[in-house]
Amino acid sequence: MTLYGIGLGPGEPELVTVRGKRLLEEASVVYAPGELAERLARPYAAAIEELEFPMTEDETTLKAAWDEAAATVGPVARDEDVAFVTVGDPKVYSTFSHLERALDAYPEVDIRTIPGVSVVTAFATALDVEIDNSPLDVREAADGVPQHRPPQVLLLKVTDVRKTDAALHDAGYEVTYGRRLFMDDPTVTSDPDTVAESDYFTIAYAEQVGRGGES
Ligand SMILES: C[S@@+](CC[C@H](N)C(=O)[O-])C[C@H]1O[C@@H](n2cnc3c(N)ncnc32)[C@H](O)[C@@H]1O
């Protein structure tokens, strides 16, 4: 049978795709990695089970957690259609690929991905900015400000806003932060102090000062 990796969109149940919604309704079990994914999938899922993953970058601990998740999901997906949900898109900075790899141990399980609205595109609407034909660099904040200073930068996983803000301003950018976009309590601000407290669901969008304004 099939494991569907379904993207839930950036934070509102109504931003789940029509196909994603149908497959969530049809899945015998929906597995959710975390509270937000569970909340977004709940309106559509007949049965939902939260899988716990440690908040760590340690490869050995993570691999063990994914092997354990595969041992939970694999035997059920052998006989039934099930879903594993992710916030945003399952193929964009996502954990779904870890589960896919761990499910190599279950070759009889067919795996399909249903794309979702990613924060990588949805942020533009939430921040009311236009992504045009100048390059946009997308990366995790931990990777630092790109050396080649692209005109536009989107940083994900901004956990230390003040540090990120200082690095971006030093590199000649003006910055807007988006926190918990499309959720119940979204924040869009250029003031780093407003979002200084760490929150995993934070992005920074940066534009080079004077971009496109000179002839
Ligand atoms: C591991 S990435 C997952 C991206 C997701 N798969 C997607 O396609 O949108 C998680 C990071 O995306 C950003 N993010 C995701 N959803 C967000 C939202 N609704 N508001 C603000 N940031 C968000 C945060 O920076 C968070 O640390």
# chains A, B, ... in the order shown; residues from 1 in each chain; ligands from 1

call {"tool": "residues_around", "arguments": {"residues": "stretch 18-27 of chain A", "least_positions_apart": "5", "cutoff": "12 Å", "atoms": "only C-alpha atoms", "output": "short mmCIF file (atom, residue, chain, number, x, y, z; two decimals) with C-alpha atoms, in the first residue's frame"}}
result
data_model
loop_
_atom_site.label_atom_id
_atom_site.label_comp_id
_atom_site.auth_asym_id
_atom_site.auth_seq_id
_atom_site.Cartn_x
_atom_site.Cartn_y
_atom_site.Cartn_z
CA MET A 1 0.00 0.00 0.00
CA THR A 2 1.05 3.64 0.00
CA LEU A 3 2.57 6.12 2.40
CA TYR A 4 1.63 9.63 1.31
CA GLY A 5 3.96 12.41 2.43
CA ILE A 6 1.53 15.32 2.51
CA GLY A 7 2.43 19.01 2.74
CA LEU A 8 0.08 20.91 5.04
CA GLY A 9 0.95 24.43 3.95
CA PRO A 13 -5.81 24.38 7.59
CA ALA A 32 2.25 13.90 12.53
CA GLU A 38 -1.08 17.55 14.16
CA LEU A 40 -3.27 21.40 10.84
CA ALA A 41 -4.11 17.83 9.84
CA ARG A 42 -6.70 17.20 12.56
CA PRO A 43 -9.71 18.78 10.75
CA TYR A 44 -9.29 16.25 7.93
CA ALA A 45 -7.86 13.11 9.54
CA ALA A 46 -10.03 10.20 10.70
CA ALA A 47 -7.21 8.93 12.96
CA ILE A 48 -4.10 10.85 13.90
CA GLU A 49 -0.98 9.80 15.78
CA VAL A 76 0.95 -0.37 8.96
CA ALA A 77 1.75 1.06 5.49
CA ASP A 79 -1.32 -3.20 4.51
CA GLU A 80 -3.06 0.20 4.48
CA ASP A 81 -2.82 3.64 2.90
CA VAL A 82 -1.38 6.01 5.52
CA ALA A 83 -0.09 9.59 5.57
CA PHE A 84 2.86 11.39 7.09
CA VAL A 85 2.35 15.13 7.24
CA THR A 86 4.78 18.02 7.28
CA GLY A 88 4.83 23.49 4.31
CA ASP A 89 6.11 21.19 1.57
CA PRO A 90 7.46 17.68 2.32
CA ARG A 112 4.30 9.29 -2.85
CA THR A 113 4.67 12.97 -2.11
CA ILE A 114 1.87 15.54 -2.24
CA PRO A 115 3.33 19.04 -2.43
CA GLY A 116 2.21 21.76 -0.06
CA VAL A 117 2.39 25.55 0.01
#

call {"tool": "residues_near_ligand", "arguments": {"ligand": "ligand 1", "cutoff": "6 Å", "atoms": "only C-alpha atoms and all ligand atoms", "output": "list in words"}}
result
Pro10, Gly11, Val87, Gly88, Asp89, Pro90, Val92, Tyr93, Ser94, Ser118, Val119, Val120, Leu156, Lys157, Val158, Gly178, Arg179, Arg180, Leu181, Phe182, Tyr200, Phe201, Thr202 and Ile203 of chain A

call {"tool": "write_last_selection", "arguments": {"atoms": "N, CA, C and O atoms", "output": "mmCIF file, in the first residue's frame"}}
result
data_model
loop_
_atom_site.group_PDB
_atom_site.id
_atom_site.type_symbol
_atom_site.label_atom_id
_atom_site.label_comp_id
_atom_site.auth_asym_id
_atom_site.auth_seq_id
_atom_site.Cartn_x
_atom_site.Cartn_y
_atom_site.Cartn_z
ATOM 1 N N PRO A 10 1.616 26.444 5.147
ATOM 2 C CA PRO A 10 2.420 27.173 6.127
ATOM 3 C C PRO A 10 1.796 27.373 7.499
ATOM 4 O O PRO A 10 2.476 27.798 8.423
ATOM 5 N N GLY A 11 0.493 27.106 7.676
ATOM 6 C CA GLY A 11 -0.011 27.317 9.034
ATOM 7 C C GLY A 11 -1.517 27.446 9.187
ATOM 8 O O GLY A 11 -2.007 27.578 10.297
ATOM 9 N N VAL A 87 4.674 20.350 7.878
ATOM 10 C CA VAL A 87 4.301 21.754 7.681
ATOM 11 C C VAL A 87 4.966 22.206 6.376
ATOM 12 O O VAL A 87 6.092 21.817 6.071
ATOM 13 N N GLY A 88 4.264 23.016 5.582
ATOM 14 C CA GLY A 88 4.825 23.494 4.309
ATOM 15 C C GLY A 88 4.824 22.389 3.274
ATOM 16 O O GLY A 88 3.821 21.711 3.070
ATOM 17 N N ASP A 89 5.963 22.207 2.617
ATOM 18 C CA ASP A 89 6.111 21.190 1.574
ATOM 19 C C ASP A 89 7.014 20.064 2.089
ATOM 20 O O ASP A 89 8.039 20.350 2.722
ATOM 21 N N PRO A 90 6.670 18.797 1.784
ATOM 22 C CA PRO A 90 7.459 17.682 2.320
ATOM 23 C C PRO A 90 8.875 17.582 1.740
ATOM 24 O O PRO A 90 9.697 16.841 2.270
ATOM 25 N N VAL A 92 10.807 20.380 0.950
ATOM 26 C CA VAL A 92 11.519 21.652 1.116
ATOM 27 C C VAL A 92 11.960 21.786 2.573
ATOM 28 O O VAL A 92 11.109 21.942 3.458
ATOM 29 N N TYR A 93 13.236 21.671 2.814
ATOM 30 C CA TYR A 93 13.789 21.750 4.179
ATOM 31 C C TYR A 93 12.932 20.924 5.137
ATOM 32 O O TYR A 93 12.466 21.435 6.159
ATOM 33 N N SER A 94 12.724 19.680 4.773
ATOM 34 C CA SER A 94 11.739 18.902 5.513
ATOM 35 C C SER A 94 12.328 17.611 6.062
ATOM 36 O O SER A 94 13.365 17.133 5.604
ATOM 37 N N SER A 118 4.706 26.084 0.479
ATOM 38 C CA SER A 118 5.886 26.221 1.344
ATOM 39 C C SER A 118 6.023 27.658 1.853
ATOM 40 O O SER A 118 5.680 28.608 1.147
ATOM 41 N N VAL A 119 6.596 27.793 3.036
ATOM 42 C CA VAL A 119 6.899 29.143 3.537
ATOM 43 C C VAL A 119 7.879 29.849 2.599
ATOM 44 O O VAL A 119 7.919 31.082 2.542
ATOM 45 N N VAL A 120 8.626 29.057 1.817
ATOM 46 C CA VAL A 120 9.616 29.632 0.904
ATOM 47 C C VAL A 120 8.948 30.486 -0.174
ATOM 48 O O VAL A 120 9.548 31.413 -0.699
ATOM 49 N N LEU A 156 15.760 30.782 6.914
ATOM 50 C CA LEU A 156 14.849 29.959 7.708
ATOM 51 C C LEU A 156 15.506 29.645 9.050
ATOM 52 O O LEU A 156 16.721 29.801 9.210
ATOM 53 N N LYS A 157 14.709 29.140 9.985
ATOM 54 C CA LYS A 157 15.199 28.729 11.310
ATOM 55 C C LYS A 157 15.992 29.846 11.980
ATOM 56 O O LYS A 157 17.135 29.648 12.397
ATOM 57 N N VAL A 158 15.393 31.018 12.033
ATOM 58 C CA VAL A 158 16.061 32.158 12.678
ATOM 59 C C VAL A 158 15.772 32.086 14.178
ATOM 60 O O VAL A 158 14.720 32.534 14.642
ATOM 61 N N GLY A 178 9.356 37.535 9.792
ATOM 62 C CA GLY A 178 8.017 36.943 9.790
ATOM 63 C C GLY A 178 8.001 35.825 10.809
ATOM 64 O O GLY A 178 8.844 34.933 10.771
ATOM 65 N N ARG A 179 7.057 35.920 11.715
ATOM 66 C CA ARG A 179 6.970 34.884 12.770
ATOM 67 C C ARG A 179 5.570 34.296 12.783
ATOM 68 O O ARG A 179 4.574 35.019 12.740
ATOM 69 N N ARG A 180 5.507 32.973 12.819
ATOM 70 C CA ARG A 180 4.223 32.239 12.906
ATOM 71 C C ARG A 180 3.244 32.740 11.838
ATOM 72 O O ARG A 180 2.057 32.983 12.111
ATOM 73 N N LEU A 181 3.765 32.885 10.608
ATOM 74 C CA LEU A 181 2.957 33.390 9.493
ATOM 75 C C LEU A 181 1.802 32.425 9.206
ATOM 76 O O LEU A 181 1.985 31.211 9.276
ATOM 77 N N PHE A 182 0.661 32.946 8.888
ATOM 78 C CA PHE A 182 -0.550 32.175 8.578
ATOM 79 C C PHE A 182 -1.077 31.395 9.782
ATOM 80 O O PHE A 182 -1.942 30.550 9.635
ATOM 81 N N TYR A 200 10.938 28.926 16.883
ATOM 82 C CA TYR A 200 11.359 28.142 15.711
ATOM 83 C C TYR A 200 10.714 28.642 14.414
ATOM 84 O O TYR A 200 11.345 28.650 13.358
ATOM 85 N N PHE A 201 9.449 29.090 14.485
ATOM 86 C CA PHE A 201 8.740 29.477 13.264
ATOM 87 C C PHE A 201 9.004 30.943 12.924
ATOM 88 O O PHE A 201 8.085 31.777 12.899
ATOM 89 N N THR A 202 10.259 31.256 12.658
ATOM 90 C CA THR A 202 10.654 32.627 12.327
ATOM 91 C C THR A 202 11.522 32.619 11.082
ATOM 92 O O THR A 202 12.455 31.824 10.970
ATOM 93 N N ILE A 203 11.204 33.534 10.157
ATOM 94 C CA ILE A 203 12.048 33.727 8.969
ATOM 95 C C ILE A 203 12.554 35.180 8.959
ATOM 96 O O ILE A 203 11.961 36.061 9.576
#

call {"tool": "select_by_dssp", "arguments": {"residues": "stretch 55-148 of chain A", "states": "strand (DSSP E)", "output": "ChimeraX atom specification"}}
result
/A:82-86,110-114,136-140

call {"tool": "closest_residue", "arguments": {"among": "A:Ala64, A:Val129, A:Ala196, A:Val145", "to": "A:Asp160", "atoms": "only C-alpha atoms"}}
result
A:Ala196

call {"tool": "closest_residue", "arguments": {"among": "A:Trp66, A:Glu174, A:Glu52, A:Asp128", "to": "A:Asp104", "atoms": "only C-alpha atoms"}}
result
A:Trp66

call {"tool": "select_by_dssp", "arguments": {"residues": "stretch 114-214 of chain A", "states": "alpha helix (DSSP H)", "output": "PyMOL selection string"}}
result
chain A and resi 119-127+161-170

call {"tool": "closest_residue", "arguments": {"among": "A:Leu154, A:Met183, A:Leu51, A:Val175", "to": "A:Leu15", "atoms": "only C-alpha atoms"}}
result
A:Met183

call {"tool": "closest_residue", "arguments": {"among": "A:Val209, A:Val29, A:Ile131, A:Ala126", "to": "A:Pro186", "atoms": "only C-alpha atoms"}}
result
A:Ala126

call {"tool": "closest_residue", "arguments": {"among": "A:Glu197, A:Pro33, A:Tyr205, A:Gly74", "to": "A:Met55", "atoms": "only C-alpha atoms"}}
result
A:Pro33

call {"tool": "residues_around", "arguments": {"residues": "A:Ala105", "least_positions_apart": "4", "cutoff": "10 Å", "atoms": "only C-alpha atoms", "output": "PyMOL selection string"}}
result
chain A and resi 67+70-71+74+100-101+109

call {"tool": "residues_around", "arguments": {"residues": "A:Ala167", "least_positions_apart": "5", "cutoff": "12 Å", "atoms": "only C-alpha atoms", "output": "ChimeraX atom specification"}}
result
/A:141-147,149,155,160-162,172-175,204,206

call {"tool": "write_last_selection", "arguments": {"atoms": "C-alpha atoms", "output": "PDB file, in the first residue's frame"}}
result
ATOM      1  CA  ALA A 141      20.212  31.178   9.337  1.00  0.00           C
ATOM      2  CA  ALA A 142      22.951  28.967  10.807  1.00  0.00           C
ATOM      3  CA  ASP A 143      24.674  28.995   7.386  1.00  0.00           C
ATOM      4  CA  GLY A 144      25.247  32.746   7.723  1.00  0.00           C
ATOM      5  CA  VAL A 145      24.873  35.638   5.297  1.00  0.00           C
ATOM      6  CA  PRO A 146      25.785  34.567   1.734  1.00  0.00           C
ATOM      7  CA  GLN A 147      29.289  35.743   0.817  1.00  0.00           C
ATOM      8  CA  ARG A 149      25.619  39.237  -1.261  1.00  0.00           C
ATOM      9  CA  LEU A 155      16.696  32.837   6.043  1.00  0.00           C
ATOM     10  CA  ASP A 160      18.778  34.173  17.347  1.00  0.00           C
ATOM     11  CA  VAL A 161      17.140  37.235  15.777  1.00  0.00           C
ATOM     12  CA  ARG A 162      19.543  39.819  17.213  1.00  0.00           C
ATOM     13  CA  GLY A 172      24.140  46.011   3.746  1.00  0.00           C
ATOM     14  CA  TYR A 173      20.656  44.525   4.002  1.00  0.00           C
ATOM     15  CA  GLU A 174      17.385  45.862   5.319  1.00  0.00           C
ATOM     16  CA  VAL A 175      15.447  43.127   7.043  1.00  0.00           C
ATOM     17  CA  ALA A 204      14.129  36.753   7.984  1.00  0.00           C
ATOM     18  CA  ALA A 206      16.521  40.703   3.568  1.00  0.00           C
TER      19      ALA A 206
END
